[in-house]
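**Student:** Sharing data23.txt (compact mmCIF, C-alpha atoms and all ligand atoms) below.
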# COMPACT_ATOMS: atom_id res chain seq x y z
CA MET F 1 -111.27 -26.39 -83.18
CA MET F 2 -110.61 -23.44 -80.85
CA HIS F 3 -109.21 -24.97 -77.70
CA GLU F 4 -109.68 -22.87 -74.57
CA PHE F 5 -108.33 -23.21 -71.02
CA VAL F 6 -106.54 -26.47 -71.69
CA ASP F 7 -104.24 -28.58 -69.53
CA VAL F 8 -100.49 -28.13 -70.00
CA SER F 9 -100.28 -31.59 -71.58
CA LYS F 10 -103.03 -30.73 -74.08
CA ALA F 11 -101.33 -27.47 -75.07
CA LYS F 12 -98.10 -29.38 -75.72
CA GLU F 13 -99.91 -32.09 -77.63
CA LEU F 14 -101.50 -29.47 -79.90
CA LEU F 15 -98.11 -27.91 -80.62
CA LYS F 16 -96.48 -31.29 -81.24
CA GLY F 17 -99.26 -32.12 -83.69
CA LEU F 18 -98.50 -29.15 -85.95
CA ALA F 19 -96.92 -30.13 -89.25
CA ILE F 20 -93.53 -28.53 -89.80
CA SER F 21 -91.76 -28.32 -93.13
CA PRO F 22 -88.16 -27.45 -92.32
CA LYS F 23 -86.19 -25.42 -94.83
CA SER F 24 -82.51 -25.91 -95.41
CA HIS F 25 -79.61 -23.92 -96.78
CA ILE F 26 -75.91 -24.33 -97.38
CA ILE F 27 -73.55 -22.45 -95.07
CA PRO F 28 -69.79 -22.25 -94.52
CA LEU F 29 -68.47 -24.67 -91.93
CA SER F 30 -67.47 -21.76 -89.69
CA GLN F 31 -71.16 -20.85 -89.19
CA ALA F 32 -72.53 -24.34 -88.72
CA VAL F 33 -71.93 -25.09 -85.05
CA GLY F 34 -75.18 -25.91 -83.21
CA LYS F 35 -77.17 -26.39 -86.44
CA PHE F 36 -78.70 -29.68 -87.57
CA THR F 37 -77.69 -31.32 -90.86
CA SER F 38 -80.52 -31.59 -93.37
CA ASN F 39 -78.86 -34.32 -95.44
CA PRO F 40 -76.45 -37.17 -94.84
CA VAL F 41 -72.81 -36.31 -95.56
CA PHE F 42 -70.57 -38.75 -97.45
CA ALA F 43 -66.77 -38.69 -97.52
CA PRO F 44 -65.48 -37.10 -100.73
CA MET F 45 -62.02 -38.64 -100.21
CA ASN F 46 -60.03 -41.18 -98.22
CA VAL F 47 -58.70 -39.88 -94.93
CA PRO F 48 -55.83 -40.17 -94.35
CA SER F 49 -55.16 -39.95 -98.05
CA PHE F 50 -51.72 -41.59 -97.67
CA ASP F 51 -50.07 -43.97 -95.23
CA ASN F 52 -48.32 -41.85 -92.62
CA SER F 53 -46.36 -42.15 -89.44
CA GLY F 54 -48.00 -41.96 -86.02
CA MET F 55 -44.70 -41.29 -84.25
CA ASP F 56 -41.40 -39.48 -84.55
CA GLY F 57 -39.03 -42.38 -85.21
CA TYR F 58 -37.93 -44.69 -88.00
CA ALA F 59 -39.86 -46.42 -90.78
CA PHE F 60 -38.70 -49.78 -92.03
CA ALA F 61 -39.87 -53.00 -93.69
CA TRP F 62 -40.79 -55.58 -91.05
CA ASP F 63 -39.90 -58.53 -93.25
CA ASP F 64 -36.31 -57.38 -93.71
CA LEU F 65 -34.39 -59.63 -91.42
CA GLY F 66 -32.71 -58.58 -88.24
CA GLU F 67 -32.87 -56.00 -85.51
CA SER F 68 -30.87 -53.27 -87.16
CA ARG F 69 -31.17 -51.08 -90.22
CA LYS F 70 -28.92 -48.69 -92.02
CA LEU F 71 -30.27 -45.17 -92.01
CA ALA F 72 -31.21 -43.86 -95.43
CA GLN F 73 -33.30 -40.74 -96.12
CA VAL F 74 -35.17 -38.39 -93.83
CA VAL F 75 -38.90 -37.92 -94.47
CA GLN F 76 -40.46 -34.79 -93.06
CA ALA F 77 -44.19 -34.10 -92.73
CA GLY F 78 -45.51 -32.34 -95.82
CA VAL F 79 -43.14 -33.94 -98.36
CA ASN F 80 -43.90 -36.53 -101.00
CA PRO F 81 -41.24 -39.27 -100.78
CA ASP F 82 -40.70 -40.40 -104.37
CA PHE F 83 -38.46 -43.37 -103.60
CA THR F 84 -38.83 -46.98 -102.50
CA LEU F 85 -37.07 -48.08 -99.35
CA GLU F 86 -34.00 -50.15 -100.10
CA LYS F 87 -33.65 -53.51 -98.44
CA GLY F 88 -31.95 -53.34 -95.06
CA THR F 89 -32.51 -49.63 -94.59
CA ALA F 90 -34.81 -47.47 -92.48
CA VAL F 91 -35.77 -43.82 -92.93
CA ARG F 92 -35.92 -41.18 -90.26
CA ILE F 93 -39.56 -40.15 -90.14
CA PHE F 94 -41.80 -37.76 -88.19
CA THR F 95 -45.39 -37.78 -87.03
CA GLY F 96 -47.72 -37.19 -89.98
CA ALA F 97 -45.02 -37.70 -92.62
CA PRO F 98 -45.77 -40.11 -95.51
CA VAL F 99 -44.43 -43.62 -95.05
CA PRO F 100 -42.35 -44.33 -98.18
CA ARG F 101 -43.05 -47.28 -100.45
CA GLY F 102 -41.49 -50.46 -99.13
CA ALA F 103 -41.77 -49.46 -95.44
CA ASP F 104 -44.62 -50.86 -93.38
CA THR F 105 -43.71 -50.32 -89.72
CA VAL F 106 -42.61 -47.35 -87.61
CA VAL F 107 -40.67 -47.62 -84.39
CA GLN F 108 -40.65 -44.61 -82.10
CA GLN F 109 -37.25 -43.06 -81.54
CA GLU F 110 -37.29 -43.81 -77.79
CA TRP F 111 -37.15 -47.53 -78.60
CA VAL F 112 -34.05 -47.53 -80.80
CA THR F 113 -30.36 -47.15 -80.24
CA VAL F 114 -28.53 -45.19 -82.89
CA ILE F 115 -24.88 -45.95 -83.41
CA GLY F 116 -23.29 -44.08 -86.30
CA ASP F 117 -25.57 -44.57 -89.30
CA THR F 118 -27.27 -47.70 -87.95
CA ILE F 119 -30.30 -48.12 -85.71
CA PHE F 120 -30.84 -51.09 -83.41
CA PHE F 121 -34.13 -52.20 -81.86
CA GLU F 122 -35.68 -55.28 -80.24
CA LEU F 123 -38.17 -56.92 -82.56
CA GLU F 124 -40.01 -58.68 -79.70
CA LYS F 125 -41.14 -55.27 -78.41
CA LEU F 126 -42.57 -54.33 -81.80
CA VAL F 127 -45.53 -55.37 -83.93
CA LYS F 128 -45.60 -55.46 -87.69
CA GLY F 129 -47.41 -52.39 -89.05
CA MET F 130 -47.25 -50.44 -85.81
CA HIS F 131 -47.54 -46.64 -85.87
CA VAL F 132 -48.50 -46.58 -89.53
CA ARG F 133 -51.78 -44.75 -90.03
CA LYS F 134 -53.13 -46.42 -93.13
CA ALA F 135 -54.71 -44.49 -96.00
CA GLY F 136 -58.50 -44.59 -95.63
CA SER F 137 -58.35 -45.82 -92.02
CA GLN F 138 -60.49 -42.86 -90.81
CA CYS F 139 -62.94 -43.12 -93.71
CA GLN F 140 -63.08 -44.01 -97.35
CA THR F 141 -64.50 -42.17 -100.33
CA GLY F 142 -68.29 -42.51 -100.41
CA GLU F 143 -68.59 -43.63 -96.78
CA LEU F 144 -71.43 -42.13 -94.68
CA ILE F 145 -69.82 -39.87 -92.11
CA LEU F 146 -72.76 -37.83 -90.76
CA ASN F 147 -76.40 -38.75 -90.63
CA SER F 148 -79.09 -36.29 -91.54
CA GLY F 149 -80.38 -34.60 -88.38
CA THR F 150 -77.01 -34.54 -86.60
CA GLN F 151 -76.23 -31.48 -84.52
CA VAL F 152 -72.97 -29.91 -85.67
CA THR F 153 -70.47 -29.69 -82.81
CA PRO F 154 -66.90 -28.33 -82.86
CA GLY F 155 -65.87 -31.98 -83.25
CA THR F 156 -68.11 -32.40 -86.28
CA ILE F 157 -66.56 -29.31 -87.80
CA GLY F 158 -63.11 -30.84 -87.31
CA LEU F 159 -64.29 -34.05 -88.99
CA LEU F 160 -65.74 -32.20 -92.00
CA ALA F 161 -62.64 -30.01 -92.30
CA SER F 162 -60.42 -33.12 -92.30
CA LEU F 163 -62.32 -34.18 -95.41
CA GLY F 164 -61.83 -30.86 -97.13
CA ILE F 165 -65.54 -30.05 -96.83
CA GLU F 166 -66.05 -26.29 -96.79
CA GLN F 167 -69.82 -26.05 -96.60
CA VAL F 168 -72.64 -28.00 -95.05
CA GLU F 169 -76.37 -28.07 -95.65
CA VAL F 170 -78.29 -27.41 -92.44
CA ILE F 171 -81.85 -26.79 -91.34
CA SER F 172 -82.55 -23.05 -91.54
CA SER F 173 -83.37 -20.96 -88.48
CA PRO F 174 -86.81 -19.42 -88.57
CA SER F 175 -87.06 -15.65 -88.86
CA LEU F 176 -88.75 -14.15 -85.86
CA SER F 177 -90.54 -11.00 -84.81
CA ILE F 178 -91.08 -9.99 -81.21
CA ILE F 179 -93.90 -7.52 -80.64
CA LEU F 180 -93.76 -5.77 -77.30
CA THR F 181 -97.09 -4.25 -76.34
CA GLY F 182 -97.73 -1.74 -73.59
CA ASP F 183 -97.83 2.05 -73.21
CA GLU F 184 -95.80 1.75 -70.02
CA ILE F 185 -92.77 0.02 -71.52
CA ILE F 186 -89.64 2.06 -72.13
CA GLU F 187 -86.11 1.08 -73.10
CA ILE F 188 -83.09 0.89 -70.83
CA GLY F 189 -81.16 4.13 -71.00
CA GLN F 190 -84.25 6.33 -70.88
CA ALA F 191 -85.33 8.04 -67.67
CA LEU F 192 -88.37 6.39 -66.07
CA GLN F 193 -91.42 8.61 -65.78
CA PRO F 194 -94.14 7.84 -63.24
CA GLY F 195 -96.12 4.77 -64.34
CA GLN F 196 -93.42 3.49 -66.69
CA ILE F 197 -91.30 0.34 -66.43
CA TYR F 198 -88.25 -0.91 -68.25
CA ASN F 199 -88.67 -3.42 -71.04
CA ALA F 200 -87.44 -6.66 -69.46
CA ASN F 201 -89.23 -9.13 -71.75
CA GLY F 202 -87.58 -7.99 -74.97
CA PRO F 203 -83.95 -8.37 -73.85
CA ALA F 204 -84.71 -11.68 -72.09
CA LEU F 205 -86.36 -13.15 -75.19
CA ILE F 206 -83.65 -11.91 -77.54
CA ALA F 207 -81.01 -13.45 -75.27
CA TYR F 208 -82.88 -16.74 -75.23
CA LEU F 209 -83.30 -16.78 -79.01
CA ASN F 210 -79.67 -15.89 -79.62
CA GLN F 211 -78.61 -18.66 -77.27
CA MET F 212 -80.61 -21.03 -79.47
CA GLY F 213 -78.77 -19.76 -82.53
CA ILE F 214 -81.71 -17.69 -83.81
CA LYS F 215 -80.20 -14.39 -84.85
CA GLU F 216 -82.77 -13.02 -87.31
CA VAL F 217 -84.99 -11.31 -84.75
CA LYS F 218 -86.98 -8.15 -85.42
CA VAL F 219 -88.30 -6.24 -82.42
CA LEU F 220 -91.43 -4.12 -82.84
CA LYS F 221 -93.02 -2.00 -80.17
CA VAL F 222 -96.63 -1.01 -80.13
CA LYS F 223 -98.85 1.12 -77.96
CA ASP F 224 -102.09 -0.25 -76.55
CA GLU F 225 -104.19 1.00 -79.43
CA LYS F 226 -106.27 -1.49 -81.39
CA SER F 227 -105.56 -0.30 -84.94
CA GLU F 228 -101.84 -0.05 -84.23
CA VAL F 229 -101.70 -3.52 -82.67
CA THR F 230 -103.51 -4.93 -85.74
CA ARG F 231 -101.18 -3.11 -88.14
CA VAL F 232 -97.99 -4.21 -86.39
CA ILE F 233 -99.14 -7.83 -86.16
CA GLY F 234 -99.80 -7.71 -89.94
CA GLU F 235 -96.31 -6.30 -90.50
CA ALA F 236 -94.71 -9.01 -88.35
CA LEU F 237 -96.65 -11.81 -90.07
CA GLY F 238 -95.46 -10.48 -93.41
CA ALA F 239 -91.84 -10.42 -92.30
CA SER F 240 -91.34 -13.50 -90.13
CA ASP F 241 -91.98 -17.22 -89.80
CA VAL F 242 -92.72 -16.96 -86.09
CA VAL F 243 -94.25 -14.04 -84.21
CA LEU F 244 -93.92 -13.70 -80.44
CA LEU F 245 -95.95 -11.08 -78.63
CA THR F 246 -95.75 -10.09 -75.01
CA GLY F 247 -98.57 -8.44 -73.08
CA GLY F 248 -102.05 -7.40 -74.07
CA ILE F 249 -103.43 -10.94 -74.22
CA SER F 250 -105.55 -10.86 -71.05
CA VAL F 251 -109.03 -9.43 -70.59
CA GLY F 252 -108.35 -5.77 -69.79
CA ASP F 253 -109.90 -2.91 -71.77
CA TYR F 254 -106.52 -2.27 -73.42
CA ASP F 255 -105.71 -5.90 -74.19
CA PHE F 256 -106.14 -5.96 -77.98
CA VAL F 257 -103.83 -8.76 -79.03
CA LYS F 258 -106.36 -11.59 -79.32
CA GLY F 259 -108.81 -9.55 -81.43
CA SER F 260 -106.03 -8.15 -83.61
CA LEU F 261 -104.66 -11.62 -84.27
CA ALA F 262 -108.11 -12.76 -85.40
CA GLU F 263 -108.39 -9.69 -87.67
CA ASN F 264 -105.11 -10.74 -89.24
CA GLY F 265 -106.46 -14.21 -90.00
CA VAL F 266 -104.53 -16.02 -87.25
CA LEU F 267 -106.37 -19.18 -86.24
CA GLN F 268 -106.42 -20.06 -82.58
CA LEU F 269 -104.72 -23.31 -81.60
CA PHE F 270 -105.33 -22.70 -77.92
CA TYR F 271 -105.99 -19.79 -75.59
CA LYS F 272 -105.40 -20.01 -71.84
CA VAL F 273 -103.65 -22.90 -70.19
CA LYS F 274 -104.35 -24.27 -66.71
CA GLN F 275 -101.03 -23.05 -65.36
CA LYS F 276 -99.48 -20.43 -63.16
CA PRO F 277 -97.81 -18.25 -64.24
CA GLY F 278 -98.71 -17.73 -67.88
CA LYS F 279 -102.41 -18.63 -67.86
CA PRO F 280 -103.57 -16.31 -70.68
CA ILE F 281 -101.10 -17.60 -73.29
CA PHE F 282 -102.36 -17.78 -76.89
CA ALA F 283 -100.96 -19.99 -79.66
CA GLY F 284 -102.20 -19.73 -83.23
CA VAL F 285 -101.33 -20.33 -86.86
CA LYS F 286 -101.69 -18.51 -90.13
CA GLY F 287 -100.68 -20.79 -92.99
CA GLU F 288 -97.13 -21.83 -92.16
CA LYS F 289 -96.63 -18.94 -89.73
CA MET F 290 -96.78 -19.53 -86.00
CA VAL F 291 -97.85 -17.01 -83.39
CA PHE F 292 -97.38 -17.13 -79.63
CA ALA F 293 -98.88 -14.32 -77.58
CA LEU F 294 -97.29 -14.51 -74.15
CA PRO F 295 -98.79 -12.83 -71.09
CA GLY F 296 -96.84 -9.68 -70.30
CA ASN F 297 -95.57 -10.52 -66.84
CA PRO F 298 -91.88 -11.43 -67.17
CA ALA F 299 -92.12 -14.73 -65.24
CA SER F 300 -95.03 -15.70 -67.48
CA VAL F 301 -93.03 -14.84 -70.58
CA LEU F 302 -90.03 -16.94 -69.58
CA THR F 303 -92.12 -19.85 -68.30
CA CYS F 304 -94.20 -19.95 -71.47
CA PHE F 305 -91.05 -19.64 -73.55
CA ILE F 306 -89.43 -22.64 -71.84
CA GLN F 307 -92.55 -24.78 -71.92
CA TYR F 308 -93.96 -24.09 -75.39
CA VAL F 309 -91.98 -21.68 -77.56
CA LYS F 310 -88.53 -23.18 -77.04
CA PRO F 311 -89.48 -26.80 -77.89
CA PHE F 312 -91.51 -25.60 -80.85
CA LEU F 313 -88.54 -23.59 -82.16
CA LEU F 314 -86.14 -26.47 -81.49
CA ARG F 315 -88.34 -28.63 -83.67
CA ILE F 316 -88.20 -26.09 -86.50
CA LEU F 317 -84.43 -26.03 -86.06
CA GLY F 318 -84.40 -29.80 -86.67
CA ASN F 319 -83.70 -30.93 -83.11
CA PRO F 320 -85.12 -34.45 -82.76
CA ASP F 321 -85.11 -34.11 -78.94
CA ALA F 322 -87.18 -30.92 -78.88
CA TRP F 323 -89.98 -32.35 -76.76
CA THR F 324 -88.06 -34.87 -74.67
CA ALA F 325 -89.01 -35.42 -71.05
CA PRO F 326 -87.46 -33.12 -68.45
CA ALA F 327 -85.02 -34.27 -65.77
CA TYR F 328 -86.47 -35.24 -62.38
CA PHE F 329 -84.98 -34.20 -59.04
CA PRO F 330 -86.12 -34.54 -55.43
CA ILE F 331 -87.69 -31.40 -54.05
CA ALA F 332 -85.84 -30.00 -51.01
CA SER F 333 -88.89 -29.16 -48.88
CA ASP F 334 -92.67 -29.66 -48.78
CA PHE F 335 -94.71 -27.61 -51.22
CA ASN F 336 -98.43 -26.85 -50.92
CA LYS F 337 -100.81 -25.25 -53.35
CA LYS F 338 -104.57 -24.83 -53.59
CA ALA F 339 -105.29 -23.83 -57.18
CA PRO F 340 -105.97 -26.72 -59.59
CA LEU F 341 -103.36 -25.40 -62.00
CA THR F 342 -99.92 -26.64 -63.03
CA PHE F 343 -97.39 -24.47 -61.21
CA PHE F 344 -94.06 -23.55 -62.76
CA LEU F 345 -91.73 -22.29 -60.07
CA LYS F 346 -88.36 -20.65 -60.29
CA ALA F 347 -85.94 -23.10 -58.71
CA LYS F 348 -82.32 -23.71 -57.95
CA LEU F 349 -80.41 -26.98 -58.09
CA ASP F 350 -78.48 -27.75 -54.93
CA ASN F 351 -76.60 -31.03 -54.45
CA GLY F 352 -79.01 -32.95 -56.64
CA ARG F 353 -82.14 -31.46 -55.04
CA VAL F 354 -84.30 -28.58 -56.23
CA ILE F 355 -85.01 -25.65 -53.98
CA ILE F 356 -88.13 -23.64 -54.78
CA LEU F 357 -87.09 -20.00 -54.59
CA PRO F 358 -88.96 -17.12 -53.00
CA ALA F 359 -90.40 -14.27 -55.12
CA GLN F 360 -92.61 -16.43 -57.31
CA GLU F 361 -95.03 -13.64 -58.27
CA SER F 362 -95.16 -13.32 -62.04
CA PHE F 363 -94.05 -9.66 -62.03
CA ASN F 364 -91.09 -10.43 -59.77
CA LEU F 365 -87.77 -11.08 -61.50
CA LEU F 366 -85.54 -11.25 -58.42
CA SER F 367 -85.19 -15.04 -58.26
CA PHE F 368 -84.07 -15.12 -61.89
CA GLY F 369 -80.78 -13.88 -60.51
CA ILE F 370 -80.07 -17.32 -59.04
CA ALA F 371 -82.60 -19.72 -60.59
CA ASP F 372 -81.30 -22.60 -62.71
CA GLY F 373 -84.68 -23.22 -64.29
CA VAL F 374 -88.28 -23.97 -63.39
CA VAL F 375 -89.90 -26.84 -61.53
CA GLU F 376 -93.28 -28.21 -62.55
CA ILE F 377 -95.83 -29.07 -59.87
CA PRO F 378 -98.64 -31.02 -61.55
CA GLN F 379 -102.15 -29.61 -61.70
CA GLU F 380 -103.80 -32.29 -59.58
CA LEU F 381 -101.38 -32.16 -56.63
CA GLU F 382 -102.11 -30.01 -53.57
CA HIS F 383 -99.17 -31.26 -51.56
CA VAL F 384 -95.70 -32.36 -52.58
CA GLU F 385 -93.66 -34.06 -49.87
CA ALA F 386 -89.98 -33.15 -49.43
CA GLY F 387 -87.89 -35.73 -51.31
CA SER F 388 -90.54 -36.39 -53.98
CA LEU F 389 -89.33 -36.24 -57.57
CA VAL F 390 -90.41 -33.19 -59.56
CA ALA F 391 -89.84 -32.27 -63.20
CA PHE F 392 -87.13 -29.66 -63.69
CA TYR F 393 -86.64 -27.58 -66.85
CA PRO F 394 -83.30 -25.79 -67.13
CA TRP F 395 -83.12 -22.43 -68.92
N1 LIG F 401 -109.24 -9.63 -64.68
C1 LIG F 401 -108.20 -10.34 -64.95
N2 LIG F 401 -107.01 -9.74 -64.98
C2 LIG F 401 -105.90 -10.46 -65.25
C3 LIG F 401 -106.00 -11.84 -65.47
C4 LIG F 401 -107.26 -12.45 -65.46
O1 LIG F 401 -107.40 -13.67 -65.67
N3 LIG F 401 -108.33 -11.65 -65.21
N4 LIG F 401 -104.87 -12.55 -65.68
C5 LIG F 401 -103.66 -12.02 -65.09
C6 LIG F 401 -102.53 -12.76 -65.52
S1 LIG F 401 -102.37 -14.28 -64.85
C7 LIG F 401 -101.59 -12.26 -66.33
S2 LIG F 401 -100.19 -13.14 -66.67
C8 LIG F 401 -101.70 -10.94 -66.92
C9 LIG F 401 -101.44 -10.99 -68.41
O2 LIG F 401 -101.78 -9.80 -68.95
P1 LIG F 401 -101.41 -9.32 -70.41
O3 LIG F 401 -100.83 -10.38 -71.21
O4 LIG F 401 -102.60 -8.65 -70.93
O5 LIG F 401 -100.22 -8.35 -70.16
P2 LIG F 401 -100.24 -6.82 -69.78
O6 LIG F 401 -101.43 -6.51 -69.01
O7 LIG F 401 -99.96 -6.04 -70.99
O8 LIG F 401 -98.97 -6.81 -68.85
C10 LIG F 401 -98.91 -7.57 -67.69
C11 LIG F 401 -97.76 -7.08 -66.83
O9 LIG F 401 -96.55 -7.27 -67.47
C12 LIG F 401 -95.82 -6.06 -67.58
N5 LIG F 401 -95.07 -6.03 -68.84
C13 LIG F 401 -95.64 -6.01 -70.06
N6 LIG F 401 -94.65 -5.96 -71.00
C14 LIG F 401 -93.49 -5.95 -70.36
C15 LIG F 401 -92.14 -5.89 -70.77
N7 LIG F 401 -91.81 -5.83 -72.07
N8 LIG F 401 -91.19 -5.92 -69.83
C16 LIG F 401 -91.51 -5.96 -68.52
N9 LIG F 401 -92.78 -6.03 -68.05
C17 LIG F 401 -93.75 -6.00 -68.96
C18 LIG F 401 -96.89 -5.00 -67.55
O10 LIG F 401 -96.40 -3.76 -67.17
C19 LIG F 401 -97.87 -5.58 -66.55
O11 LIG F 401 -97.47 -5.34 -65.24
O12 LIG F 401 -102.98 -10.42 -66.73
C20 LIG F 401 -103.47 -10.54 -65.39
N10 LIG F 401 -104.68 -9.83 -65.28
O1 LIG F 402 -100.41 -16.19 -65.31
MO1 LIG F 402 -100.07 -14.70 -64.74
O2 LIG F 402 -98.57 -15.08 -65.40
O3 LIG F 402 -99.97 -15.59 -63.17
O4 LIG F 402 -99.43 -13.51 -63.76
Using the file provided, produce a representation of the structure as structure tokens.
Ligand SMILES: Nc1nc2c(c(=O)[nH]1)N[C@H]1C(S)=C(S)[C@@H](COP(=O)(O)OP(=O)(O)OC[C@H]3O[C@@H](n4cnc5c(N)ncnc54)[C@H](O)[C@@H]3O)O[C@H]1N2
Ligand code: MOO
**Tutor:**
Amino acid sequence: MMHEFVDVSKAKELLKGLAISPKSHIIPLSQAVGKFTSNPVFAPMNVPSFDNSGMDGYAFAWDDLGESRKLAQVVQAGVNPDFTLEKGTAVRIFTGAPVPRGADTVVQQEWVTVIGDTIFFELEKLVKGMHVRKAGSQCQTGELILNSGTQVTPGTIGLLASLGIEQVEVISSPSLSIILTGDEIIEIGQALQPGQIYNANGPALIAYLNQMGIKEVKVLKVKDEKSEVTRVIGEALGASDVVLLTGGISVGDYDFVKGSLAENGVLQLFYKVKQKPGKPIFAGVKGEKMVFALPGNPASVLTCFIQYVKPFLLRILGNPDAWTAPAYFPIASDFNKKAPLTFFLKAKLDNGRVIILPAQESFNLLSFGIADGVVEIPQELEHVEAGSLVAFYPW
């Protein structure tokens, strides 16, 4: 069914309802941060793999009688002590060094007195087994150490490295094409001619995608010419899992995107949402490919990205929290609106309140210089009292 001019909630519901079949691939640990695991990970070994000392000090056998021991060997980290501790002796040992057979307790050096070749300590201050990090006390061979669907953090990478794991299977990033439409758009670095503007949408979207860990992004530019728009959309659909377009989706004589998408066999999920900015957004599918055509105005592009594209992409990336509820903050001052649309407003957080910024027009980028995200004012409300809670979406 071709949904048209839907509520924000309906548009989100339609996107949430799309079936996604995530792909996975194996990557080196060094590239895995931020990705989601596609399988559970089990420990291939015991860690630690040998009993070792947690302190610089002396290792001894607790059940040897008395509060002194004769000093025997020295055991440094990295060696393999191939001896058994003799009765009545202790070894000098260092943090991380293997505890030799026969020893079961380590006392830190600050707690002993050394006189000649003998150490003295007070047993009542000690506990049997102290400062010995037992083999397998972190995890044992075969133990589940990471669930499927876990986001890899620097800490996770440390954990996997401690187990000698070099590679991890993660959900793959989608490949993406951005199609920038508009005869007036030129690139930074070129001199502006009358009637031209700099391409702001492309760099903003690329930055957003890169921040999400999506690096395979192809940027295509197309003039407002029907056959060209159709051709470039076909090219992008052939090359990428997700196609984002900006501009050309409204009703002007040179807005060809909607027709060209249809010519390429893209089926409409929804067109136009009861929101401001970003009303003429289009979302559609072709097989497993997803298309979002975002209205060209930069505030519309970023708002639509935050509200629809970002959660959809997070879901493809395996993030189980992709569509979670936003945070709520009290609004700093009264807000009034007439149109029965959901408003998304550039806003700044200030001491736990949100301040709606000036320059809300959808062409106007100025407030992006200080905005922390956007606030949502629901469709049905005409007046929001200062102090009322409003939904806030960070960048
Ligand atoms: N008669 C009507 N006109 C318009 C309507 C409407 O309902 N009836 N809706 C308005 C709304 S709301 C929006 S939003 C825009 C969306 O238009 P398009 O998606 O067709 O976008 P364009 O017309 O191509 O461009 C709009 C605006 O954005 C600038 N732009 C485009 N690309 C870039 C870029 N890469 N970087 C920076 N700025 C860009 C472009 O120059 C235009 O100013 O339609 C309204 N009109
Ligand atoms: O929806 Mo448009 O983005 O208001 O200018």
**Student:** I'd like to know which of F:Phe343, F:Val374, F:Glu166, F:Ala239 is closest to Phe305 (chain F), using all atoms listed in the file.
**Tutor:**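 Using all atoms listed in the file, Phe305 (chain F) sits closest to F:Val374.
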**Student:** What is the CA of Val354 (chain F) to CA of Ser333 (chain F) distance in Å?
**Tutor:**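 CA of Val354 (chain F) sits 8.7 Å away from CA of Ser333 (chain F).
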**Student:** Quick one: residues within 12 Å of His3 (chain F), all atoms listed in the file, excluding same-chain residues fewer than 2 positions away - as a list in words?
**Tutor:**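 Result of the neighbour search: Met1, Phe5, Val6, Asp7, Lys10, Ala11, Glu13, Leu14, Leu15, Leu267, Gln268, Leu269, Phe270, Tyr271, Lys272, Val273, Ile281, Phe282, Ala283 and Gly284 of chain F.
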**Student:** Within 12 Å of Val251 (chain F), counting all atoms listed in the file, which residues qualify if same-chain residues fewer than 3 places away don't, as a list of chain:residue names?
**Tutor:**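 What passes the distance filter is F:Gly247, F:Gly248, F:Tyr254, F:Asp255, F:Phe256, F:Val257, F:Lys258, F:Gly259, F:Tyr271, F:Lys272, F:Lys279, F:Pro280, F:Ile281, F:Pro295.
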**Student:** Could you tell me which of F:Thr230, F:Asn39, F:Asn319, F:Thr303 comes closest to ligand LIG 402 (chain F) if we count only C-alpha atoms and all ligand atoms?
**Tutor:**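 When distances to ligand LIG 402 (chain F) are compared using only C-alpha atoms and all ligand atoms, the smallest one comes from F:Thr303.
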**Student:** Tell me which of F:Leu163, F:Ile93, F:Ala32, F:Met212 sits closest to Ile316 (chain F), counting all atoms listed in the file.
**Tutor:** F:Met212
**Student:** Hey, what's within 7 Å of region 358-368 of chain F if we count all atoms listed in the file and toss same-chain stuff fewer than 6 positions away? As a list in words, please?
**Tutor:**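 My list of contacting residues is Pro277, Asn297, Pro298, Ala299, Ser300, Leu345 and Lys346 of chain F.
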**Student:** Which value, in Å to one decimal, gives the distance between CA of Ile165 (chain F) and CA of Arg101 (chain F)?
**Tutor:**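 That distance, rounded to one decimal, is 28.6 Å.
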**Student:** Give me the residues within 7 Å of Gly182 (chain F) as a list of chain:residue names, counting all atoms listed in the file and dropping any in the same chain fewer than 6 places off.
**Tutor:**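 Contacts, in chain order: F:Val222, F:Lys223, F:Asp224, F:Gly247.
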**Student:** Could you list, with a cut-off of 9 Å and counting all atoms listed in the file, the residues of region 217-331 of chain F near region 194-202 of chain F, each shown with its nearest atom pair and the distance in Å rounded to one decimal, rows sorted by chain and ascending number, as JSON lines?
**Tutor:**
{"residue": "F:Val219", "atom": "CA", "partner": "F:Gly202", "partner_atom": "CA", "distance": 7.7}
{"residue": "F:Thr246", "atom": "CA", "partner": "F:Asn201", "partner_atom": "CA", "distance": 7.4}
{"residue": "F:Gly296", "atom": "CA", "partner": "F:Asn201", "partner_atom": "CA", "distance": 7.8}
{"residue": "F:Asn297", "atom": "CA", "partner": "F:Asn201", "partner_atom": "CA", "distance": 8.1}
{"residue": "F:Pro298", "atom": "CA", "partner": "F:Asn201", "partner_atom": "CA", "distance": 5.8}
{"residue": "F:Val301", "atom": "CA", "partner": "F:Asn201", "partner_atom": "CA", "distance": 7.0}
{"residue": "F:Leu302", "atom": "CA", "partner": "F:Asn201", "partner_atom": "CA", "distance": 8.1}
**Student:** Using C-alpha atoms, can you write the selected residues to a file as a PDB file, in the coordinates of the input?
**Tutor:**
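Saved as again.pdb:
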ATOM      1  CA  VAL F 219     -88.300  -6.240 -82.420  1.00  0.00           C
ATOM      2  CA  THR F 246     -95.750 -10.090 -75.010  1.00  0.00           C
ATOM      3  CA  GLY F 296     -96.840  -9.680 -70.300  1.00  0.00           C
ATOM      4  CA  ASN F 297     -95.570 -10.520 -66.840  1.00  0.00           C
ATOM      5  CA  PRO F 298     -91.880 -11.430 -67.170  1.00  0.00           C
ATOM      6  CA  VAL F 301     -93.030 -14.840 -70.580  1.00  0.00           C
ATOM      7  CA  LEU F 302     -90.030 -16.940 -69.580  1.00  0.00           C
TER       8      LEU F 302
END
